[in-house]
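Structure file final-v8.txt; described as compact mmCIF, C-alpha atoms.
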```txt
# COMPACT_ATOMS: atom_id res chain seq x y z
CA MET U 1 -10.44 -16.68 -30.56
CA ALA U 2 -12.95 -13.90 -29.94
CA ASN U 3 -14.00 -15.65 -26.72
CA TYR U 4 -10.44 -15.63 -25.49
CA ILE U 5 -10.16 -11.93 -26.20
CA ILE U 6 -13.30 -11.31 -24.23
CA ALA U 7 -12.01 -13.40 -21.34
CA ILE U 8 -8.71 -11.51 -21.35
CA PHE U 9 -10.13 -8.03 -21.17
CA THR U 10 -12.74 -8.96 -18.60
CA ILE U 11 -10.14 -10.45 -16.35
CA LEU U 12 -7.91 -7.40 -16.62
CA PHE U 13 -10.84 -5.04 -16.23
CA SER U 14 -11.87 -6.57 -12.94
CA SER U 15 -8.73 -5.33 -11.16
CA ILE U 16 -9.13 -1.61 -11.82
CA SER U 17 -10.73 -0.25 -8.66
CA PHE U 18 -8.53 1.57 -6.18
CA ALA U 19 -8.69 3.10 -2.78
CA ALA U 20 -7.11 6.01 -0.91
CA SER U 21 -4.17 5.02 1.26
CA CYS U 22 -5.78 5.84 4.57
CA CYS U 23 -8.99 4.18 3.99
CA GLY U 24 -8.64 0.61 2.79
CA GLY U 25 -11.57 -0.58 0.74
CA GLY U 26 -11.33 -0.77 -2.99
CA ALA U 27 -13.03 -4.11 -3.22
CA GLY U 28 -12.97 -3.87 -6.97
CA SER U 29 -15.40 -4.03 -9.86
CA SER U 30 -17.15 -7.28 -10.67
CA SER U 31 -15.26 -10.36 -11.81
CA ILE U 32 -18.03 -11.84 -13.87
CA ILE U 33 -17.50 -13.88 -17.01
CA THR U 34 -18.43 -12.23 -20.29
CA SER U 35 -17.15 -14.99 -22.54
CA ASP U 36 -18.59 -18.40 -23.34
CA ASP U 37 -16.72 -20.10 -20.56
CA ARG U 38 -17.99 -22.22 -17.69
CA MET U 39 -15.50 -20.97 -15.16
CA LYS U 40 -12.50 -18.73 -14.73
CA LEU U 41 -9.76 -18.62 -12.14
CA GLN U 42 -7.60 -15.57 -11.70
CA PHE U 43 -4.49 -14.56 -9.77
CA ASN U 44 -3.39 -10.96 -9.54
CA TYR U 45 -0.42 -9.20 -7.94
CA LYS U 46 -0.50 -5.43 -7.69
CA ASN U 47 2.11 -2.95 -6.52
CA SER U 48 0.96 0.63 -5.85
CA ALA U 49 2.95 3.64 -4.70
CA TYR U 50 1.21 6.73 -3.29
CA LEU U 51 3.02 9.73 -4.74
CA TYR U 52 0.75 12.76 -4.44
CA ASP U 53 -1.92 14.11 -2.14
CA VAL U 54 -4.91 16.19 -3.20
CA ASP U 55 -6.85 18.32 -0.76
CA THR U 56 -10.56 19.16 -0.84
CA ASP U 57 -9.89 22.10 -3.15
CA GLY U 58 -8.11 19.92 -5.67
CA ASP U 59 -4.65 21.31 -4.92
CA VAL U 60 -2.01 18.65 -5.56
CA THR U 61 1.23 18.26 -3.66
CA LYS U 62 3.97 15.74 -4.30
CA ARG U 63 5.25 13.62 -1.44
CA SER U 64 8.84 13.84 -0.33
CA PRO U 65 11.01 11.01 -1.72
CA GLU U 66 12.07 10.30 1.86
CA ASN U 67 8.56 9.20 2.81
CA SER U 68 7.24 6.22 0.93
CA GLU U 69 3.93 4.41 1.14
CA VAL U 70 3.50 1.24 -0.87
CA LEU U 71 0.52 -1.08 -1.10
CA GLU U 72 0.96 -4.61 -2.42
CA SER U 73 -1.92 -7.00 -2.87
CA PHE U 74 -2.30 -10.57 -3.98
CA LYS U 75 -5.80 -11.47 -5.11
CA VAL U 76 -7.45 -14.75 -5.99
CA SER U 77 -10.85 -14.79 -7.64
CA THR U 78 -13.06 -17.27 -9.38
CA ALA U 79 -16.30 -17.10 -11.33
CA TYR U 80 -18.70 -19.84 -12.35
CA GLN U 81 -21.44 -19.64 -14.96
CA PHE U 82 -24.10 -22.20 -14.15
CA ASP U 83 -26.58 -21.52 -16.92
CA ASN U 84 -26.91 -19.21 -19.93
CA TYR U 85 -27.91 -16.25 -17.78
CA PHE U 86 -26.67 -16.51 -14.19
CA GLN U 87 -23.21 -16.70 -12.73
CA VAL U 88 -21.52 -16.22 -9.38
CA ALA U 89 -18.05 -14.94 -8.56
CA ILE U 90 -16.00 -14.65 -5.39
CA GLY U 91 -12.76 -12.81 -4.74
CA ALA U 92 -10.40 -12.55 -1.78
CA SER U 93 -7.09 -10.81 -1.34
CA VAL U 94 -4.22 -10.22 1.03
CA SER U 95 -2.70 -6.74 1.30
CA LYS U 96 0.66 -5.56 2.54
CA VAL U 97 1.03 -1.90 3.48
CA THR U 98 4.52 -0.45 3.97
CA LYS U 99 5.29 3.04 5.21
CA LYS U 100 8.84 4.16 5.73
CA THR U 101 11.24 7.04 6.02
CA SER U 102 15.00 7.05 6.31
CA ARG U 103 14.59 6.38 10.04
CA VAL U 104 11.46 4.33 10.54
CA ARG U 105 9.63 1.54 8.81
CA GLU U 106 6.33 -0.21 9.48
CA SER U 107 4.82 -2.95 7.41
CA GLU U 108 1.87 -5.28 7.93
CA THR U 109 0.16 -7.97 5.89
CA ASN U 110 -3.50 -8.70 6.45
CA ILE U 111 -6.50 -10.11 4.65
CA ALA U 112 -8.61 -7.56 2.82
CA ASP U 113 -12.37 -7.44 2.16
CA ILE U 114 -14.03 -10.39 0.43
CA ASN U 115 -16.58 -9.87 -2.30
CA ILE U 116 -19.26 -12.16 -3.70
CA THR U 117 -20.97 -11.31 -6.98
CA VAL U 118 -24.06 -12.63 -8.73
CA GLY U 119 -24.41 -11.64 -12.36
CA TYR U 120 -27.18 -11.89 -14.91
CA GLU U 121 -26.90 -11.37 -18.65
CA PHE U 122 -30.00 -9.43 -19.58
CA LEU U 123 -28.90 -8.50 -23.08
CA LYS U 124 -27.60 -11.45 -25.07
CA GLU U 125 -26.00 -11.36 -28.49
CA GLN U 126 -28.18 -13.85 -30.28
CA TYR U 127 -27.56 -12.47 -33.77
CA PHE U 128 -24.93 -10.33 -35.41
CA SER U 129 -25.21 -6.61 -34.84
CA TYR U 130 -22.69 -3.80 -35.36
CA TRP U 131 -24.11 -1.72 -32.56
CA LYS U 132 -26.07 -3.85 -30.10
CA PRO U 133 -23.92 -4.74 -27.08
CA ARG U 134 -24.11 -7.56 -24.57
CA GLY U 135 -25.41 -6.38 -21.23
CA PHE U 136 -24.87 -7.67 -17.72
CA VAL U 137 -26.30 -6.61 -14.42
CA TYR U 138 -24.59 -7.65 -11.22
CA VAL U 139 -24.95 -7.43 -7.47
CA THR U 140 -21.86 -7.61 -5.30
CA GLN U 141 -21.86 -8.12 -1.56
CA VAL U 142 -18.69 -6.99 0.16
CA LEU U 143 -17.84 -8.58 3.50
CA PRO U 144 -15.65 -6.43 5.79
CA THR U 145 -13.05 -9.08 6.57
CA GLY U 146 -10.24 -6.55 6.30
CA ASN U 147 -9.18 -4.16 9.08
CA SER U 148 -10.74 -0.73 8.91
CA LYS U 149 -9.28 2.67 9.79
CA TYR U 150 -11.77 2.87 12.66
CA GLU U 151 -10.25 -0.13 14.43
CA THR U 152 -6.62 0.22 13.46
CA LYS U 153 -4.05 -0.80 16.08
CA SER U 154 -0.78 -0.10 14.31
CA ARG U 155 1.03 3.19 14.79
CA LEU U 156 1.06 4.16 11.13
CA GLN U 157 -2.24 2.44 10.20
CA THR U 158 -0.46 -0.12 8.07
CA ASP U 159 -2.97 -2.73 9.22
CA VAL U 160 -5.80 -0.98 7.31
CA THR U 161 -6.85 -3.27 4.46
CA GLY U 162 -10.61 -2.84 4.29
CA SER U 163 -13.43 -0.32 4.50
CA GLY U 164 -15.03 -1.69 7.67
CA PHE U 165 -18.50 -1.70 6.10
CA HIS U 166 -20.86 -4.31 4.75
CA GLN U 167 -21.52 -3.08 1.24
CA THR U 168 -24.01 -3.89 -1.50
CA ARG U 169 -23.06 -2.87 -5.00
CA LEU U 170 -25.42 -2.78 -7.96
CA GLY U 171 -23.84 -2.49 -11.35
CA VAL U 172 -24.45 -2.73 -15.07
CA MET U 173 -21.92 -3.57 -17.72
CA PHE U 174 -22.14 -3.29 -21.50
CA PHE U 175 -19.66 -4.99 -23.76
CA LYS U 176 -19.20 -4.85 -27.52
CA LEU U 177 -16.78 -6.68 -29.78
CA ILE U 178 -16.31 -5.32 -33.31
CA LYS U 179 -13.74 -7.24 -35.29
CA GLU U 180 -10.39 -6.52 -33.61
CA PHE U 181 -11.76 -3.93 -31.20
CA ASP U 182 -13.60 -4.37 -27.91
CA PHE U 183 -15.37 -1.79 -25.77
CA THR U 184 -16.70 -1.95 -22.24
CA LEU U 185 -18.76 0.45 -20.18
CA ASP U 186 -19.32 -0.31 -16.50
CA SER U 187 -21.22 1.73 -13.92
CA ASN U 188 -22.08 0.81 -10.39
CA LEU U 189 -23.47 2.21 -7.17
CA THR U 190 -22.33 1.02 -3.76
CA TYR U 191 -24.47 1.29 -0.64
CA TYR U 192 -22.76 1.13 2.76
CA PHE U 193 -24.60 -0.23 5.78
CA LYS U 194 -24.24 1.78 8.96
CA GLU U 195 -21.60 0.27 11.20
CA ARG U 196 -20.79 0.59 14.89
CA PHE U 197 -17.16 0.56 15.94
CA SER U 198 -15.64 0.74 19.40
CA SER U 199 -15.47 4.55 19.49
CA GLU U 200 -18.09 5.67 17.00
CA GLU U 201 -21.00 4.86 14.76
CA VAL U 202 -20.43 5.65 11.12
CA TYR U 203 -22.75 6.14 8.19
CA ARG U 204 -21.01 6.39 4.85
CA TYR U 205 -22.76 7.84 1.84
CA PRO U 206 -22.80 5.82 -1.39
CA THR U 207 -20.04 5.46 -3.94
CA ILE U 208 -20.61 5.95 -7.65
CA GLU U 209 -18.13 4.51 -10.08
CA SER U 210 -18.00 4.47 -13.86
CA SER U 211 -15.37 3.23 -16.28
CA LEU U 212 -14.83 2.97 -20.00
CA SER U 213 -12.26 0.67 -21.53
CA PHE U 214 -11.25 -0.43 -24.99
CA GLY U 215 -8.95 -3.00 -26.50
CA TYR U 216 -7.27 -3.92 -29.77
CA SER U 217 -6.22 -7.42 -30.77
CA PRO U 218 -4.18 -7.34 -34.00
CA SER U 219 -5.50 -9.85 -36.52
CA MET U 220 -7.81 -11.03 -33.73
CA GLY U 221 -4.89 -12.98 -32.36
CA ASP U 222 -3.67 -13.80 -28.90
CA LEU U 223 -2.27 -10.37 -28.14
CA ARG U 224 -4.44 -7.59 -26.77
CA ILE U 225 -3.50 -3.97 -26.13
CA GLY U 226 -5.95 -2.12 -23.96
CA GLY U 227 -6.64 1.08 -22.15
CA GLY U 228 -9.31 2.80 -20.17
CA ALA U 229 -10.42 5.47 -17.78
CA ALA U 230 -12.30 5.20 -14.51
CA PHE U 231 -14.06 7.83 -12.42
CA LYS U 232 -15.04 7.25 -8.82
CA TYR U 233 -16.84 9.35 -6.24
CA ASP U 234 -16.91 8.20 -2.60
CA GLY U 235 -19.58 9.88 -0.55
CA HIS U 236 -18.69 11.53 2.73
CA SER U 237 -19.07 9.88 6.14
CA GLU U 238 -21.04 10.93 9.21
CA LEU U 239 -19.40 9.88 12.47
CA ILE U 240 -21.19 9.92 15.82
CA PHE U 241 -18.80 9.32 18.69
CA ASN U 242 -19.69 7.58 21.94
CA ASN U 243 -19.76 10.93 23.76
CA GLY U 244 -22.44 12.18 21.39
CA THR U 245 -20.31 14.51 19.30
CA ARG U 246 -20.59 14.34 15.55
CA GLN U 247 -18.09 14.87 12.79
CA ASP U 248 -18.44 14.70 9.02
CA SER U 249 -15.70 13.91 6.57
CA GLU U 250 -15.52 15.10 2.94
CA GLY U 251 -16.28 13.15 -0.20
CA ILE U 252 -13.51 11.76 -2.39
CA PHE U 253 -13.21 11.95 -6.17
CA VAL U 254 -10.51 10.13 -8.09
CA THR U 255 -9.75 9.61 -11.78
CA THR U 256 -7.65 6.76 -13.15
CA LEU U 257 -6.11 6.00 -16.53
CA ASN U 258 -4.80 2.55 -17.36
CA LEU U 259 -2.91 0.72 -20.09
CA SER U 260 -2.75 -3.03 -20.40
CA LEU U 261 -1.03 -5.69 -22.39
CA SER U 262 -2.03 -9.34 -22.42
CA TYR U 263 -1.23 -12.53 -24.23
CA MET U 264 -3.15 -15.77 -24.40
CA LEU U 265 -1.22 -19.00 -24.41
CA ASN U 266 -2.98 -22.36 -24.21
CA ASP U 267 -6.08 -21.19 -22.28
CA ILE U 268 -3.97 -19.13 -19.89
CA SER U 269 -3.83 -15.38 -20.23
CA TYR U 270 -0.82 -13.41 -19.01
CA GLY U 271 -1.29 -9.71 -18.58
CA VAL U 272 0.24 -6.59 -17.16
CA THR U 273 -1.63 -3.38 -16.37
CA TYR U 274 -0.27 0.05 -15.61
CA ALA U 275 -2.65 2.44 -13.87
CA ASP U 276 -2.04 6.09 -13.10
CA GLN U 277 -4.14 8.46 -11.04
CA THR U 278 -1.80 11.41 -11.56
CA ILE U 279 -2.61 12.15 -15.18
CA LEU U 280 -6.22 13.27 -15.28
CA SER U 281 -7.18 16.27 -13.18
CA GLY U 282 -10.27 16.58 -11.04
CA SER U 283 -9.33 14.33 -8.14
CA LYS U 284 -10.14 15.66 -4.67
CA ASN U 285 -9.44 14.72 -1.06
CA THR U 286 -7.38 11.66 -1.79
CA SER U 287 -3.91 10.27 -2.30
CA LEU U 288 -2.87 9.56 -5.89
CA GLU U 289 -1.09 6.40 -6.88
CA ARG U 290 0.64 4.68 -9.75
CA SER U 291 0.41 0.93 -9.91
CA LEU U 292 1.53 -2.09 -11.83
CA SER U 293 -0.50 -5.30 -11.89
CA ILE U 294 0.43 -8.73 -13.12
CA ASN U 295 -2.43 -11.05 -13.98
CA LEU U 296 -2.62 -14.74 -14.56
CA ALA U 297 -5.96 -16.21 -15.53
CA LYS U 298 -7.35 -19.46 -16.78
CA ALA U 299 -10.75 -19.88 -18.40
CA PHE U 300 -12.46 -23.25 -18.48
CA PRO U 301 -14.72 -23.67 -21.52
CA LEU U 302 -18.31 -24.85 -21.43
CA MET O 303 1.90 -29.85 -22.54
CA SER O 304 4.13 -30.78 -19.58
CA THR O 305 6.48 -27.93 -20.54
CA VAL O 306 3.62 -25.46 -20.69
CA THR O 307 2.27 -26.73 -17.39
CA GLY O 308 5.71 -26.31 -15.89
CA ILE O 309 5.93 -22.73 -17.12
CA HIS O 310 2.58 -21.99 -15.55
CA LYS O 311 3.73 -23.40 -12.24
CA ILE O 312 6.90 -21.36 -12.36
CA LEU O 313 5.07 -18.16 -13.15
CA PHE O 314 2.55 -18.77 -10.40
CA THR O 315 5.31 -19.54 -7.94
CA ILE O 316 7.10 -16.35 -8.90
CA MET O 317 3.96 -14.34 -8.29
CA VAL O 318 3.48 -15.89 -4.87
CA LEU O 319 7.10 -15.32 -3.93
CA MET O 320 6.94 -11.73 -5.14
CA SER O 321 4.04 -11.01 -2.93
CA LEU O 322 5.34 -12.86 0.12
CA ALA O 323 8.95 -11.73 -0.09
CA SER O 324 8.32 -8.23 -1.35
CA CYS O 325 10.15 -5.62 0.63
CA GLY O 326 7.59 -2.88 0.41
CA ASP O 327 9.28 -1.07 -2.43
CA SER O 328 7.74 0.07 -5.68
CA PRO O 329 9.10 0.85 -9.15
CA PHE O 330 7.26 4.16 -8.98
CA LEU O 331 9.15 5.62 -6.02
CA SER O 332 11.61 8.23 -7.23
CA ASP O 333 14.04 10.83 -5.96
CA ASP O 334 12.17 13.68 -7.63
CA GLU O 335 12.01 16.71 -5.41
CA PRO O 336 8.61 17.39 -3.87
CA SER O 337 6.66 20.52 -4.49
CA ASN O 338 7.35 23.34 -2.06
CA SER O 339 4.15 23.00 -0.14
CA ILE O 340 4.96 19.47 0.99
CA ARG O 341 8.69 19.94 1.43
CA GLY O 342 8.71 21.95 4.58
CA THR O 343 8.16 20.17 7.82
CA ASP O 344 10.19 23.16 9.00
CA THR O 345 7.40 25.41 7.77
CA ILE O 346 4.60 24.13 9.90
CA SER O 347 1.31 25.71 9.04
CA THR O 348 -0.62 26.23 12.26
CA GLN O 349 -2.69 28.89 13.87
CA THR O 350 -0.80 31.50 15.87
CA ASN O 351 -3.60 33.08 17.81
CA GLU O 352 -3.84 32.46 21.53
CA LEU O 353 -5.27 29.16 22.75
CA ILE O 354 -7.48 29.21 25.83
CA LEU O 355 -8.57 26.03 27.55
CA GLY O 356 -10.28 25.75 30.91
CA GLY O 357 -9.83 29.45 31.50
CA LEU O 358 -6.05 29.10 31.17
CA GLN O 359 -3.66 30.13 28.42
CA LEU O 360 -2.47 27.02 26.63
CA ILE O 361 0.93 27.04 24.91
CA PRO O 362 1.77 23.90 22.91
CA ARG O 363 5.10 23.50 21.11
CA TYR O 364 6.49 20.61 19.12
CA SER O 365 9.76 19.47 20.71
CA ALA O 366 11.43 19.03 17.30
CA THR O 367 10.67 19.43 13.61
CA VAL O 368 7.51 17.49 12.83
CA ALA O 369 8.17 14.36 10.80
CA LEU O 370 5.75 12.18 8.91
CA TYR O 371 5.46 8.57 10.17
CA GLU O 372 7.73 9.29 13.15
CA ASN O 373 7.09 9.69 16.87
CA ASN O 374 6.50 13.41 17.46
CA SER O 375 6.25 15.06 20.85
CA ILE O 376 4.61 18.23 22.11
CA ASN O 377 5.40 20.18 25.27
CA ILE O 378 2.36 21.90 26.74
CA ILE O 379 2.19 24.55 29.43
CA PHE O 380 -0.84 26.12 31.10
CA LEU O 381 -0.59 29.67 32.43
CA ASN O 382 -3.08 31.56 34.53
CA SER O 383 -3.92 35.23 34.05
CA VAL O 384 -0.76 36.36 35.89
CA GLY O 385 1.53 34.04 33.99
CA GLU O 386 1.92 31.30 36.62
CA LEU O 387 2.06 27.62 35.74
CA THR O 388 -1.32 26.20 36.72
CA ASP O 389 -2.97 22.80 36.35
CA PRO O 390 -6.34 22.74 34.58
CA GLU O 391 -9.34 21.59 36.61
CA TYR O 392 -9.95 18.55 34.46
CA SER O 393 -7.65 15.98 32.90
CA LEU O 394 -5.86 16.80 29.67
CA HIS O 395 -6.32 14.60 26.61
CA LEU O 396 -5.08 14.96 23.04
CA LYS O 397 -6.58 13.47 19.92
CA LEU O 398 -5.26 13.70 16.39
CA TRP O 399 -7.91 13.88 13.68
CA MET O 400 -7.93 14.27 9.93
CA PRO O 401 -11.32 15.94 9.32
CA ASP O 402 -11.42 15.61 5.53
CA HIS O 403 -10.73 11.89 5.63
CA GLY O 404 -12.67 11.11 8.79
CA HIS O 405 -10.00 9.24 10.69
CA GLY O 406 -7.63 9.71 13.57
CA SER O 407 -4.31 8.26 14.53
CA PHE O 408 -2.56 6.27 17.23
CA PRO O 409 -3.60 7.16 20.81
CA ILE O 410 -1.49 9.98 22.22
CA GLU O 411 0.18 9.51 25.60
CA ILE O 412 0.11 12.37 28.09
CA THR O 413 2.64 12.67 30.89
CA LYS O 414 2.55 15.31 33.59
CA VAL O 415 6.00 16.84 34.09
CA GLN O 416 5.01 19.23 36.87
CA ASP O 417 2.08 21.49 37.71
CA GLY O 418 1.01 23.17 34.52
CA VAL O 419 3.55 21.35 32.35
CA TYR O 420 2.72 18.27 30.25
CA LYS O 421 4.37 16.24 27.57
CA ALA O 422 2.42 14.56 24.80
CA ASP O 423 4.10 11.63 23.12
CA LYS O 424 3.42 9.08 20.35
CA ILE O 425 1.97 11.65 17.97
CA PHE O 426 2.03 9.90 14.62
CA PHE O 427 1.01 11.64 11.41
CA THR O 428 0.11 8.68 9.24
CA MET O 429 -0.21 10.64 6.00
CA PRO O 430 0.39 14.12 4.60
CA GLY O 431 -2.43 16.64 4.64
CA TYR O 432 -4.46 18.74 7.06
CA TRP O 433 -4.71 17.50 10.65
CA ASP O 434 -6.53 18.90 13.69
CA LEU O 435 -4.94 18.29 17.08
CA HIS O 436 -7.82 18.27 19.56
CA LEU O 437 -6.71 19.49 22.97
CA GLN O 438 -9.42 18.38 25.37
CA LEU O 439 -10.28 18.67 29.04
CA LYS O 440 -12.20 15.62 30.16
CA ASP O 441 -14.26 14.77 33.22
CA GLY O 442 -14.15 11.01 33.10
CA GLU O 443 -15.21 10.14 29.55
CA SER O 444 -17.02 13.41 28.90
CA VAL O 445 -15.30 16.22 27.02
CA VAL O 446 -15.80 19.40 29.06
CA GLU O 447 -13.94 21.77 26.76
CA GLU O 448 -11.87 21.50 23.60
CA VAL O 449 -9.70 23.65 21.34
CA LEU O 450 -8.22 22.75 17.96
CA TRP O 451 -4.59 23.27 16.94
CA PRO O 452 -4.34 22.56 13.20
CA ILE O 453 -1.28 21.53 11.26
CA THR O 454 -0.70 20.85 7.59
CA LEU O 455 2.04 18.49 6.52
```
The structure given in the file should be rewritten as structure tokens.
Amino acid sequence: MANYIIAIFTILFSSISFAASCCGGGAGSSSIITSDDRMKLQFNYKNSAYLYDVDTDGDVTKRSPENSEVLESFKVSTAYQFDNYFQVAIGASVSKVTKKTSRVRESETNIADINITVGYEFLKEQYFSYWKPRGFVYVTQVLPTGNSKYETKSRLQTDVTGSGFHQTRLGVMFFKLIKEFDFTLDSNLTYYFKERFSSEEVYRYPTIESSLSFGYSPSMGDLRIGGGAAFKYDGHSELIFNNGTRQDSEGIFVTTLNLSLSYMLNDISYGVTYADQTILSGSKNTSLERSLSINLAKAFPL
Amino acid sequence: MSTVTGIHKILFTIMVLMSLASCGDSPFLSDDEPSNSIRGTDTISTQTNELILGGLQLIPRYSATVALYENNSINIIFLNSVGELTDPEYSLHLKLWMPDHGHGSFPIEITKVQDGVYKADKIFFTMPGYWDLHLQLKDGESVVEEVLWPITL
């Protein structure tokens, strides 16, 4: 039963990363397996509404109810553990962006960025310990298969579903299960390769992301109640246009709180996650969203 | 087992249909009134000092209240030192740019109405926040001179 709990929270945890509305991206944290399973397959539907905007000084303004911006995504991911230490995961998603007022509406559905992850368990739990966690290190390669804001063709940029950059992410995750409680700490650093677009060349500074989550499974049963917080800093970008002029953007900082509920039934976990970026302060230069995710995941045992 | 398998198929199908047939709405959208600083597209925040471009006085004016996501237009006139409508020496171009986020918007169309009078169309503000409207004089692809006209939505 403990393995199922682990599988549940890991699956839910992997859908926490977000992105500002203008900028696509948000390829997500790793989707690696932390349970004793050979493989896992996951489906996720997420509905996000952008409700507030924060400027570079941290001043927050609420959007008018007449103007709505909604992001919906459907993600499929799978992970395979091929020995006691190494595993590989791949995830792909389709995003639909809708912007509308009382007079206009624009909506587009496009594929988003694809990510491929290789994970390695460097800290195994080979004997019982109250304090020693399991540790994983992972490398994720993000392929810019989505449309970026630098190449957008739609009037309201509703075709933006990706960052536009090849990215390499290096992360470390620690997990600990103590009776009915589980804890996870994940930190990662993303490096963006310089990219040339039709009008400019862009270098984007790295992203640092860290999250802490916990869960409670009453009587170590099939139900898990979870929560967590995530903090993400996106470095600024340097743009050099074809005419030689240069412009720099500002960095982005966003905080997210989430609550989740999941239930395991015959090797399938069903979960729902509510995430809110409007609760914690400190966000800067971004749009703030609230989202609801529905997860369906199946783990295949060793 | 067949019943459980059937339930799984139904749930999966529902998820697929939700995503494919979703109408772009969200349970989080509400009718709550916005804060004052975002409410007023009739309180455009923009600089009021004189704009000079190509040695001429440049007077841009939005043709109607600026609206997010909608097609906005600007009427632009160039005046010489004695107040006469005068064409600039180079071609006029406009570019919308959000400096903090590092992205622009849909290409703006410029139409000459008469000497010294232009209309800029297809100005789309794709999100709230601070925008710079770059008013440029170009010689071919090279920007000869540029002034910024900011706006905060």
Taking (-2.9, -6.9, 4.4) in the coordinates of the supplied file, I want to know which residues reach to within 12 Å of it, counting all atoms listed in the file; could you give the answer as a VMD selection string? (chain U and resid 24 to 25 70 to 75 92 to 98 107 to 113 145 to 148 157 to 162) or (chain O and resid 321 to 322 326)
Taking 4 positions as the minimum chain separation for residues in the same chain, which residues sit within 10 Å of Leu450 in chain O when counting only C-alpha atoms? Answer as a VMD selection string. chain O and resid 349 353 396 to 399 433 to 438
Please report, as AutoDock Vina command-line options, the centre and edge lengths in Å to one decimal of an axis-aligned box covering all listed atoms of range 122-138 of chain U with 8 Å per side.
```
--center_x -26.3 --center_y -7.8 --center_z -23.3 --size_x 23.3 --size_y 28.1 --size_z 40.2
```
Specify as JSON, numbers by chain all residues of chain U found within 6 Å of chain O, counting only C-alpha atoms. {"U": [61, 62, 63, 64, 65, 70, 98, 155, 156, 249, 250]}
If we count only C-alpha atoms and set the cut-off at 7 Å, which residues sit around range 239-246 of chain U, ignoring sequence neighbours fewer than 6 positions away in its own chain? Please answer as a ChimeraX atom specification. /U:199-203 /O:444
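Picture a line from CA of Ala422 in chain O to CA of Val368 in chain O; it runs 13.3 Å.
Rounded to one decimal, CA of His236 in chain U and CA of Ile114 in chain U lie 22.5 Å from each other.
Within the 8 Å cut-off around Asp423 in chain O, using all atoms listed in the file and omitting residues fewer than 2 positions from it on the same chain, the listed residues are Asn373, Asn374, Ser375, Ile376, Ile410, Glu411, Ile412, Thr413, Lys421 and Ile425 of chain O.
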